[in-house]
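Contents: one structure, followed by commentary.
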Amino acid sequence: MAEEFANADDAATAAAAIERGRLLFTQECEFVMGVRTEADLPKAELPEVAFAGRSNVGKSSFLNALTNRNSLARTSNTPGRTREVNFFRLGGELMLVDLPGYGYARAGKEEIARWNQLIEDYLKGRINLRRVCLLIDARRGIGAPDRKVMEVLDNAAVVYQVVLTKVDKEKAGALAKIEQGVATEIARHGAAHPEILATSAAKQLGLEAARTSIAALADKE
């Protein structure tokens, strides 16, 4: 009987967490500002969740799907379109931070170096940064550019969570192997959150779990 009550309590807690995520992401999400230098970063006030990933990983599509909007973040077939750190205020409770894509961009070496430095400066110095969602294309898995960012996050003791994108492009068997490989790798990283989120913006997969996970961060002191 005690176990039944415990299971009921767990189910109720899980349902409440899901509803919390759903409600948070139905609130207004407004663009605050885009910055190109560390000096221009806004004052740290609300809890922040940042989104990082290789160029063309589907970050803009994921953010749009997550927030139930069509144009919160601009999507493009051209890698490296996001050239600023963009801040979005969600319901007055949380700041969503869209970081420039890394690993490839149609830009000069100096411009790419500046983006990469801005990303690193933000990740190392943001005291209210609760977590980084590290987006990984499910068809590629973790690559060398991702590992460089993971090293920065490990060294800065910033918690990050892998979000697999475009999972609808892989068959179930192949996806399971990819997830296992990612799980094995992140287990070796001290700052990596163990839960992997498998998502598809196109098919609306995994978004409920992502909203639930992110909403919980808004409640942490």
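Scheme for the structure tokens: letters A, B, ... for chains in order shown; per-chain residue numbers from 1; ligand numbers from 1 in order shown.
Near Leu46 of chain A, within 9 Å and counting only C-alpha atoms, sit Arg89, Gly92, Glu93, Leu94, Met95, Asn128, Leu129 and Ala218 of chain A, not including residues fewer than 6 positions from it in the same chain.
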Mind checking DSSP for segment 116-159 of chain A and telling me the strand (DSSP E) residues as a VMD selection string?
-> chain A and resid 129 to 137
Hey, what's within 12 Å of Arg69 of chain A if we count only C-alpha atoms and toss same-chain stuff fewer than 5 positions away? As a PyMOL selection string, please?
-> chain A and resi 25-30+60-64+74-75+201
What would the file look like if the residues just selected were written as an mmCIF file, in the first residue's frame with N, CA and C atoms?
data_model
loop_
_atom_site.group_PDB
_atom_site.id
_atom_site.type_symbol
_atom_site.label_atom_id
_atom_site.label_comp_id
_atom_site.auth_asym_id
_atom_site.auth_seq_id
_atom_site.Cartn_x
_atom_site.Cartn_y
_atom_site.Cartn_z
ATOM 1 N N PHE A 25 5.917 28.133 -20.923
ATOM 2 C CA PHE A 25 6.194 28.371 -22.335
ATOM 3 C C PHE A 25 4.974 28.859 -23.120
ATOM 4 N N THR A 26 3.844 29.048 -22.428
ATOM 5 C CA THR A 26 2.721 29.733 -23.070
ATOM 6 C C THR A 26 2.763 31.228 -22.794
ATOM 7 N N GLN A 27 3.652 31.650 -21.901
ATOM 8 C CA GLN A 27 3.753 33.063 -21.577
ATOM 9 C C GLN A 27 4.504 33.820 -22.678
ATOM 10 N N GLU A 28 4.418 35.137 -22.597
ATOM 11 C CA GLU A 28 5.068 35.975 -23.605
ATOM 12 C C GLU A 28 6.578 35.774 -23.580
ATOM 13 N N CYS A 29 7.149 35.654 -24.758
ATOM 14 C CA CYS A 29 8.604 35.543 -24.891
ATOM 15 C C CYS A 29 9.047 36.690 -25.800
ATOM 16 N N GLU A 30 9.722 37.657 -25.216
ATOM 17 C CA GLU A 30 10.055 38.863 -25.965
ATOM 18 C C GLU A 30 11.557 39.025 -26.138
ATOM 19 N N SER A 60 17.834 27.435 -34.099
ATOM 20 C CA SER A 60 16.730 28.384 -34.251
ATOM 21 C C SER A 60 15.391 27.660 -34.369
ATOM 22 N N SER A 61 15.364 26.573 -35.123
ATOM 23 C CA SER A 61 14.136 25.791 -35.260
ATOM 24 C C SER A 61 13.699 25.221 -33.915
ATOM 25 N N PHE A 62 14.666 24.756 -33.130
ATOM 26 C CA PHE A 62 14.360 24.208 -31.816
ATOM 27 C C PHE A 62 13.782 25.282 -30.899
ATOM 28 N N LEU A 63 14.397 26.467 -30.879
ATOM 29 C CA LEU A 63 13.906 27.546 -30.029
ATOM 30 C C LEU A 63 12.501 27.979 -30.431
ATOM 31 N N ASN A 64 12.248 28.064 -31.729
ATOM 32 C CA ASN A 64 10.917 28.428 -32.199
ATOM 33 C C ASN A 64 9.873 27.403 -31.778
ATOM 34 N N ARG A 74 15.461 33.537 -35.950
ATOM 35 C CA ARG A 74 15.459 33.437 -37.408
ATOM 36 C C ARG A 74 16.146 32.155 -37.855
ATOM 37 N N THR A 75 15.499 31.432 -38.742
ATOM 38 C CA THR A 75 16.078 30.220 -39.285
ATOM 39 C C THR A 75 16.651 30.505 -40.665
ATOM 40 N N ALA A 201 12.252 19.392 -33.977
ATOM 41 C CA ALA A 201 11.387 20.556 -34.142
ATOM 42 C C ALA A 201 10.343 20.292 -35.220
#
Can you tell me how far atom CA of Asn68 of chain A sits from atom CA of Asp219 of chain A, in Å to one decimal?
->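 So the answer is 21.2 Å.
Distance check against Arg22 of chain A using only C-alpha atoms: of A:Val182, A:Ile214, A:Ala113, A:Leu123, the minimum falls on A:Ile214.
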By how many Å are atom CA of Ser55 of chain A and atom CA of Leu135 of chain A apart?
-> 10.1 Å
Please provide as JSON, numbers by chain all residues within 7 Å of segment 137-154 of chain A, with the sequence filter that same-chain residues fewer than 5 positions apart are discarded (counting only C-alpha atoms).
-> {"A": [57, 103, 164, 165, 166, 167, 170, 178, 182, 189, 190, 191]}
Point-to-point distance from atom CA of Asp98 of chain A to atom CA of Asn86 of chain A, Å rounded to tenths | 5.0 Å
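Minimum atom-to-atom distances from A:Leu41, A:Leu175, A:Ala50, A:Val35 to Tyr160 of chain A were compared using only C-alpha atoms, and the lowest value belongs to A:Ala50.
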What residues in segment 1-214 of chain A get the DSSP label helix (DSSP H, G or I)? Please answer as a count of residues only.
-> 90
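Every protein, DNA or RNA residue with an atom at most 8 Å from Ile18 of chain A, where only C-alpha atoms count and chain neighbours fewer than 3 positions away do not, is listed here: Ala14, Ala15, Gly21, Arg22, Glu208, Ala209, Arg211 and Thr212 of chain A.
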Writing out the chosen residues with C-alpha atoms as a CSV table (one decimal), in the first residue's frame:
chain,number,residue,atom,x,y,z
A,14,ALA,CA,5.7,14.5,-12.6
A,15,ALA,CA,2.4,15.8,-13.8
A,21,GLY,CA,6.7,23.7,-18.2
A,22,ARG,CA,3.6,24.0,-20.4
A,208,GLU,CA,7.4,18.6,-23.5
A,209,ALA,CA,10.4,17.0,-21.8
A,211,ARG,CA,10.1,22.5,-21.4
A,212,THR,CA,9.7,20.5,-18.2
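By chain and then residue number, the residues within 8 Å of Leu217 of chain A are Pro47, Arg130 and Arg131 of chain A, counting only C-alpha atoms and disregarding those fewer than 5 positions away in sequence.
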Only N, CA and C atoms, please: the residues just picked out, written as a short mmCIF file (atom, residue, chain, number, x, y, z; two decimals), in the first residue's frame.
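Output below, filename again_38.cif:
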data_model
loop_
_atom_site.label_atom_id
_atom_site.label_comp_id
_atom_site.auth_asym_id
_atom_site.auth_seq_id
_atom_site.Cartn_x
_atom_site.Cartn_y
_atom_site.Cartn_z
N PRO A 47 17.20 34.18 -13.90
CA PRO A 47 17.94 32.95 -14.24
C PRO A 47 18.04 32.82 -15.76
N ARG A 130 22.02 29.15 -15.39
CA ARG A 130 21.63 27.91 -14.72
C ARG A 130 22.09 26.66 -15.49
N ARG A 131 22.03 26.75 -16.82
CA ARG A 131 22.40 25.57 -17.62
C ARG A 131 22.60 25.98 -19.07
#
Determine, counting only C-alpha atoms, which protein, DNA and RNA residues have an atom within 12 Å of an atom of Gly125 of chain A; residues of the same chain fewer than 6 positions away are not included. Present the result as a list in words.
->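 Near neighbours after the sequence-gap exclusion: Glu38, Ala39, Leu41, Lys43, Ala44, Leu118, Ile119, Val152, Leu153, Asn155, Ala156, Ala157 and Val158 of chain A.
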Keeping only C-alpha atoms, write the selected residues to a file as a PDB file, in the first residue's frame.
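Result file out.pdb:
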ATOM      1  CA  GLU A  38      31.172  41.151 -23.593  1.00  0.00           C
ATOM      2  CA  ALA A  39      30.892  44.793 -22.468  1.00  0.00           C
ATOM      3  CA  LEU A  41      25.990  41.988 -22.014  1.00  0.00           C
ATOM      4  CA  LYS A  43      22.890  43.024 -16.207  1.00  0.00           C
ATOM      5  CA  ALA A  44      22.443  39.541 -14.766  1.00  0.00           C
ATOM      6  CA  LEU A 118      32.226  36.178 -27.038  1.00  0.00           C
ATOM      7  CA  ILE A 119      30.706  32.747 -26.446  1.00  0.00           C
ATOM      8  CA  VAL A 152      35.175  25.180 -21.690  1.00  0.00           C
ATOM      9  CA  LEU A 153      32.011  24.317 -19.764  1.00  0.00           C
ATOM     10  CA  ASN A 155      36.551  24.078 -16.771  1.00  0.00           C
ATOM     11  CA  ALA A 156      34.053  26.799 -15.871  1.00  0.00           C
ATOM     12  CA  ALA A 157      31.881  24.323 -13.902  1.00  0.00           C
ATOM     13  CA  VAL A 158      28.814  25.309 -15.950  1.00  0.00           C
TER      14      VAL A 158
END
